[in-house]
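Visitor: Here you go, this is model25.txt (compact mmCIF, C-alpha atoms).
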```
# COMPACT_ATOMS: atom_id res chain seq x y z
CA GLN A 1 15.72 -6.59 4.16
CA LYS A 2 13.21 -6.62 1.34
CA GLU A 3 13.52 -3.63 -0.96
CA VAL A 4 11.50 -2.42 -3.90
CA GLU A 5 13.03 0.31 -6.03
CA GLN A 6 11.21 2.70 -8.34
CA ASN A 7 12.22 5.90 -10.07
CA SER A 8 10.24 8.56 -8.21
CA GLY A 9 9.93 10.77 -11.30
CA PRO A 10 8.07 12.80 -12.20
CA LEU A 11 7.65 10.95 -15.48
CA SER A 12 6.03 13.19 -18.05
CA VAL A 13 4.32 11.56 -21.05
CA PRO A 14 2.24 13.18 -23.83
CA GLU A 15 -1.41 12.23 -24.05
CA GLY A 16 -1.92 9.22 -26.30
CA ALA A 17 1.64 7.92 -25.87
CA ILE A 18 2.84 4.85 -23.98
CA ALA A 19 3.89 5.33 -20.36
CA SER A 20 6.50 2.85 -19.12
CA LEU A 21 6.98 2.37 -15.38
CA ASN A 22 9.70 0.18 -13.93
CA CYS A 23 10.39 -1.55 -10.65
CA THR A 24 13.11 -3.81 -9.28
CA TYR A 25 12.97 -5.92 -6.13
CA SER A 26 15.62 -7.50 -3.94
CA ASP A 27 13.96 -10.58 -2.44
CA ARG A 28 14.17 -13.57 -4.79
CA GLY A 29 11.49 -15.27 -2.68
CA SER A 30 8.90 -12.75 -3.85
CA GLN A 31 6.11 -14.54 -5.66
CA SER A 32 3.33 -12.01 -6.24
CA PHE A 33 3.61 -8.60 -7.82
CA PHE A 34 1.16 -5.74 -7.92
CA TRP A 35 0.74 -2.29 -9.35
CA TYR A 36 -1.38 0.15 -7.40
CA ARG A 37 -2.45 3.59 -8.55
CA GLN A 38 -2.73 6.36 -5.97
CA TYR A 39 -4.27 9.72 -6.68
CA SER A 40 -3.21 12.60 -4.46
CA GLY A 41 -4.95 12.35 -1.09
CA LYS A 42 -6.52 9.00 -1.92
CA SER A 43 -5.78 5.41 -1.00
CA PRO A 44 -3.96 2.92 -3.26
CA GLU A 45 -6.16 1.23 -5.85
CA LEU A 46 -5.14 -2.08 -7.44
CA ILE A 47 -4.79 -1.94 -11.21
CA MET A 48 -2.72 -5.04 -12.05
CA SER A 49 -1.41 -8.21 -10.46
CA ILE A 50 1.06 -10.67 -12.00
CA TYR A 51 2.39 -13.93 -10.65
CA SER A 52 4.35 -15.63 -13.43
CA ASN A 53 7.03 -14.57 -15.91
CA GLY A 54 5.86 -12.85 -19.05
CA ASP A 55 3.21 -10.32 -19.93
CA LYS A 56 -0.31 -9.84 -18.62
CA GLU A 57 -2.67 -7.48 -20.39
CA ASP A 58 -5.83 -5.82 -19.08
CA GLY A 59 -7.31 -3.14 -21.30
CA ARG A 60 -4.76 -0.36 -21.75
CA PHE A 61 -2.48 -1.82 -19.07
CA THR A 62 0.23 -4.46 -19.51
CA ALA A 63 2.29 -5.80 -16.64
CA GLN A 64 5.58 -7.54 -17.37
CA LEU A 65 7.51 -9.77 -14.99
CA ASN A 66 11.04 -11.14 -15.25
CA LYS A 67 11.91 -13.06 -12.09
CA ALA A 68 15.45 -13.85 -13.24
CA SER A 69 16.19 -10.14 -13.51
CA GLN A 70 13.94 -9.30 -10.51
CA TYR A 71 12.17 -6.75 -12.62
CA VAL A 72 8.54 -5.73 -12.98
CA SER A 73 7.14 -3.13 -15.34
CA LEU A 74 3.83 -1.53 -16.19
CA LEU A 75 2.95 -0.17 -19.61
CA ILE A 76 0.02 2.18 -20.08
CA ARG A 77 -1.06 2.53 -23.71
CA ASP A 78 -2.99 5.51 -25.09
CA SER A 79 -2.22 7.51 -21.93
CA GLN A 80 -5.02 9.77 -20.71
CA PRO A 81 -4.83 12.80 -18.40
CA SER A 82 -6.84 10.75 -15.88
CA ASP A 83 -3.85 8.36 -15.68
CA SER A 84 -1.86 11.12 -13.95
CA ALA A 85 -1.16 9.68 -10.49
CA THR A 86 1.51 7.95 -8.43
CA TYR A 87 2.03 4.30 -9.36
CA LEU A 88 3.16 2.03 -6.57
CA CYS A 89 4.92 -1.26 -7.22
CA ALA A 90 4.39 -3.86 -4.51
CA VAL A 91 5.68 -7.38 -3.95
CA LYS A 92 4.83 -10.14 -1.51
CA MET A 93 5.82 -13.59 -0.43
CA THR A 94 2.95 -16.05 -0.71
CA GLY A 95 2.20 -19.52 0.55
CA GLY A 96 0.78 -18.67 3.95
CA GLY A 97 2.05 -16.81 6.97
CA ALA A 98 3.37 -13.29 6.81
CA ASP A 99 2.47 -11.97 3.39
CA GLY A 100 2.23 -8.22 3.76
CA LEU A 101 3.11 -6.09 0.78
CA THR A 102 6.47 -4.37 0.42
CA PHE A 103 6.02 -1.17 -1.57
CA GLY A 104 8.34 1.02 -3.55
CA LYS A 105 8.21 4.78 -3.09
CA GLY A 106 6.11 5.16 -6.22
CA THR A 107 6.56 6.85 -9.59
CA HIS A 108 4.72 10.13 -10.15
CA LEU A 109 3.27 10.01 -13.66
CA ILE A 110 2.09 13.16 -15.42
CA ILE A 111 0.14 12.87 -18.69
CA GLN A 112 0.41 16.12 -20.62
CA PRO A 113 -2.71 17.05 -22.65
CA GLU B 1 -19.93 -4.90 -1.75
CA ALA B 2 -18.84 -2.43 0.91
CA GLY B 3 -15.16 -1.57 1.02
CA VAL B 4 -12.76 -1.23 3.92
CA ALA B 5 -14.06 1.39 6.33
CA GLN B 6 -11.78 3.55 8.44
CA SER B 7 -12.35 6.32 10.93
CA PRO B 8 -11.64 9.05 11.64
CA ARG B 9 -10.54 10.46 8.27
CA TYR B 10 -8.42 13.16 9.83
CA LYS B 11 -6.89 13.68 13.27
CA ILE B 12 -4.68 16.42 14.68
CA ILE B 13 -3.04 15.88 18.06
CA GLU B 14 -0.19 17.32 20.05
CA LYS B 15 2.97 15.30 20.59
CA ARG B 16 2.86 12.99 23.61
CA GLN B 17 -0.92 12.63 23.30
CA SER B 18 -2.56 9.33 22.41
CA VAL B 19 -4.71 8.49 19.40
CA ALA B 20 -6.67 5.50 18.11
CA PHE B 21 -7.77 4.52 14.64
CA TRP B 22 -10.55 2.09 13.74
CA CYS B 23 -10.90 -0.25 10.78
CA ASN B 24 -13.73 -2.46 9.57
CA PRO B 25 -12.55 -4.81 6.80
CA ILE B 26 -14.50 -6.16 3.86
CA SER B 27 -16.96 -8.77 5.07
CA GLY B 28 -15.45 -12.24 5.10
CA HIS B 29 -11.84 -11.11 4.79
CA ALA B 30 -9.80 -13.00 7.36
CA THR B 31 -6.58 -11.06 6.84
CA LEU B 32 -6.23 -7.45 7.97
CA TYR B 33 -3.21 -5.19 7.63
CA TRP B 34 -2.24 -1.80 8.99
CA TYR B 35 0.17 0.30 6.93
CA GLN B 36 1.83 3.65 7.60
CA GLN B 37 2.37 5.96 4.63
CA ILE B 38 4.61 8.97 5.22
CA LEU B 39 4.32 11.75 2.65
CA GLY B 40 6.30 10.95 -0.49
CA GLN B 41 6.85 7.30 0.41
CA GLY B 42 5.12 4.02 -0.23
CA PRO B 43 3.04 2.37 2.48
CA LYS B 44 4.99 0.44 5.10
CA LEU B 45 3.48 -2.61 6.79
CA LEU B 46 3.02 -2.21 10.54
CA ILE B 47 1.07 -5.31 11.47
CA GLN B 48 -0.81 -8.22 9.89
CA PHE B 49 -3.68 -10.14 11.51
CA GLN B 50 -5.11 -13.48 10.42
CA ASN B 51 -8.53 -13.59 12.07
CA ASN B 52 -7.77 -12.39 15.62
CA GLY B 53 -4.14 -13.55 15.69
CA VAL B 54 -1.02 -11.52 14.89
CA VAL B 55 0.95 -12.97 11.96
CA ASP B 56 3.58 -10.26 11.53
CA ASP B 57 4.34 -7.25 13.73
CA SER B 58 8.07 -7.08 13.04
CA GLN B 59 7.89 -3.45 11.88
CA LEU B 60 5.53 -2.19 14.57
CA PRO B 61 7.24 0.21 17.04
CA LYS B 62 5.96 -1.66 20.04
CA ASP B 63 7.12 0.91 22.58
CA ARG B 64 4.38 3.25 21.39
CA PHE B 65 2.15 1.43 18.89
CA SER B 66 -0.36 -1.28 19.69
CA ALA B 67 -3.09 -2.97 17.69
CA GLU B 68 -5.82 -5.46 18.36
CA ARG B 69 -8.48 -7.40 16.50
CA LEU B 70 -10.30 -9.04 19.37
CA LYS B 71 -13.22 -10.68 17.57
CA GLY B 72 -11.48 -11.26 14.26
CA VAL B 73 -13.38 -8.49 12.47
CA ASP B 74 -12.82 -4.83 13.42
CA SER B 75 -9.36 -3.64 14.40
CA THR B 76 -7.97 -0.73 16.37
CA LEU B 77 -4.49 0.78 16.06
CA LYS B 78 -3.28 2.96 18.91
CA ILE B 79 -0.33 5.29 19.32
CA GLN B 80 0.70 6.37 22.81
CA PRO B 81 2.54 8.70 23.15
CA ALA B 82 2.64 10.22 19.69
CA LYS B 83 5.78 11.77 18.22
CA LEU B 84 6.12 14.32 15.45
CA GLU B 85 7.49 11.63 13.12
CA ASP B 86 4.22 9.68 13.46
CA SER B 87 2.54 12.21 11.16
CA ALA B 88 1.38 10.05 8.26
CA VAL B 89 -1.61 8.40 6.68
CA TYR B 90 -2.57 5.15 8.39
CA LEU B 91 -4.06 2.71 5.91
CA CYS B 92 -6.03 -0.39 6.75
CA ALA B 93 -6.28 -3.15 4.15
CA SER B 94 -7.97 -6.53 4.05
CA SER B 95 -7.70 -9.59 1.86
CA GLN B 96 -9.32 -12.94 1.29
CA THR B 97 -6.91 -14.24 -1.34
CA LEU B 98 -3.74 -12.69 -2.76
CA VAL B 99 -5.14 -9.22 -3.40
CA ALA B 100 -5.36 -6.56 -0.68
CA PHE B 101 -7.95 -3.79 -0.75
CA PHE B 102 -7.30 -0.53 1.03
CA GLY B 103 -9.51 1.78 3.02
CA GLN B 104 -9.44 5.56 2.60
CA GLY B 105 -6.98 5.97 5.45
CA THR B 106 -6.67 8.23 8.46
CA ARG B 107 -4.46 11.26 8.05
CA LEU B 108 -2.69 11.96 11.36
CA THR B 109 -0.93 15.23 12.02
CA VAL B 110 1.15 15.49 15.20
CA VAL B 111 2.00 19.06 16.19
```
Could you write out this structure as structure tokens?
Guide:
Amino acid sequence: QKEVEQNSGPLSVPEGAIASLNCTYSDRGSQSFFWYRQYSGKSPELIMSIYSNGDKEDGRFTAQLNKASQYVSLLIRDSQPSDSATYLCAVKMTGGGADGLTFGKGTHLIIQP
Amino acid sequence: EAGVAQSPRYKIIEKRQSVAFWCNPISGHATLYWYQQILGQGPKLLIQFQNNGVVDDSQLPKDRFSAERLKGVDSTLKIQPAKLEDSAVYLCASSQTLVAFFGQGTRLTVV
């Protein structure tokens, strides 16, 4: 049974600070890792994908992957009130065939002005 | 580029009734997924299509849920009969490569 674990929060961070979101996964065969942002009442929106160990930066967002520890994280620098949302960690097997995403329950992030 | 289209946006039905949801994926996307998202949880995969074939339906409650993608484009998800625990948002997603894009979802309330 594939599992993805996230702290549900809420995680409260002051505006302008760094928000750190964490995720662990159980299936060592997982090869692709994603962070989706979901505003209340809206659908998930992809913000980062990462496929190899290390860091990947895109603007204010940095995704970090450690396959040995089965750990994925997302850092949001210079947090803005508009970053307040639920952040969903998702993993998938790749290489053809069944490759649907397995999601965690999400971390509710609140950026305090 | 148009996104994933879903309809209806909202649906309220009584338990034991039937309901159907429609999805039109992004043009050219061969892979289509249906997910169920219960309030406070992450989306859970129900079924994956590759063109008009089912790749994975291991988590689909087949006694009441069915889905089809007859021409390899649009898809329909049906629930018959509905139970109270089916109240959720039903999300359709499509992909061409590794990244899946989601539609706005259909919020189903079973009373």
Visitor: Calculated over only C-alpha atoms, which of the candidates A:Gln80, A:Thr102, A:Thr62, A:Ser49 has the smallest distance to Thr24 in chain A?
Guide: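 Distance minimum relative to Thr24 in chain A lands on A:Thr102.
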Visitor: One decimal, in Å: what's the spacing between CA of Lys15 in chain B and CA of Leu60 in chain B?
Guide: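 According to the coordinates, CA of Lys15 in chain B and CA of Leu60 in chain B are separated by 18.7 Å.
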Visitor: With a distance threshold of 8 Å and counting all atoms listed in the file, extract the residues of chain A near chain B and express them as a PDB file with C-alpha atoms, in the frame of the given file.
Guide:
```
ATOM      1  CA  SER A  32       3.330 -12.010  -6.240  1.00  0.00           C
ATOM      2  CA  LYS A  42      -6.520   9.000  -1.920  1.00  0.00           C
ATOM      3  CA  SER A  43      -5.780   5.410  -1.000  1.00  0.00           C
ATOM      4  CA  PRO A  44      -3.960   2.920  -3.260  1.00  0.00           C
ATOM      5  CA  GLU A  45      -6.160   1.230  -5.850  1.00  0.00           C
ATOM      6  CA  LEU A  46      -5.140  -2.080  -7.440  1.00  0.00           C
ATOM      7  CA  LEU A  88       3.160   2.030  -6.570  1.00  0.00           C
ATOM      8  CA  THR A  94       2.950 -16.050  -0.710  1.00  0.00           C
ATOM      9  CA  GLY A  97       2.050 -16.810   6.970  1.00  0.00           C
ATOM     10  CA  ALA A  98       3.370 -13.290   6.810  1.00  0.00           C
ATOM     11  CA  GLY A 100       2.230  -8.220   3.760  1.00  0.00           C
ATOM     12  CA  LEU A 101       3.110  -6.090   0.780  1.00  0.00           C
ATOM     13  CA  THR A 102       6.470  -4.370   0.420  1.00  0.00           C
ATOM     14  CA  PHE A 103       6.020  -1.170  -1.570  1.00  0.00           C
ATOM     15  CA  GLY A 104       8.340   1.020  -3.550  1.00  0.00           C
ATOM     16  CA  LYS A 105       8.210   4.780  -3.090  1.00  0.00           C
ATOM     17  CA  GLY A 106       6.110   5.160  -6.220  1.00  0.00           C
TER      18      GLY A 106
END
```
Visitor: Please provide as a PyMOL selection string all residues within 7 Å of Leu108 in chain B, with the sequence filter that same-chain residues fewer than 4 positions apart are discarded (counting all atoms listed in the file).
Guide: chain B and resi 10-12+87-89
Visitor: Keeping C-alpha atoms, export the residues of the selection given above as a short mmCIF file (atom, residue, chain, number, x, y, z; two decimals), in the frame of the given file.
Guide:
```cif
data_model
loop_
_atom_site.label_atom_id
_atom_site.label_comp_id
_atom_site.auth_asym_id
_atom_site.auth_seq_id
_atom_site.Cartn_x
_atom_site.Cartn_y
_atom_site.Cartn_z
CA TYR B 10 -8.42 13.16 9.83
CA LYS B 11 -6.89 13.68 13.27
CA ILE B 12 -4.68 16.42 14.68
CA SER B 87 2.54 12.21 11.16
CA ALA B 88 1.38 10.05 8.26
CA VAL B 89 -1.61 8.40 6.68
#
```
Visitor: Using all atoms listed in the file - which residues lie no farther than 6 Å from the point (0.4, -0.1, -20.6) in the file's frame? Write them as a list of chain:residue names.
Guide: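 Using all atoms listed in the file, the matching residues come out as A:Arg60, A:Phe61, A:Thr62, A:Leu74, A:Leu75, A:Ile76, A:Arg77.
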Visitor: Those same residues, written as a tab-separated table (two decimals), in the frame of the given file with C-alpha atoms?
Guide:
```
chain	number	residue	atom	x	y	z
A	60	ARG	CA	-4.76	-0.36	-21.75
A	61	PHE	CA	-2.48	-1.82	-19.07
A	62	THR	CA	0.23	-4.46	-19.51
A	74	LEU	CA	3.83	-1.53	-16.19
A	75	LEU	CA	2.95	-0.17	-19.61
A	76	ILE	CA	0.02	2.18	-20.08
A	77	ARG	CA	-1.06	2.53	-23.71
```
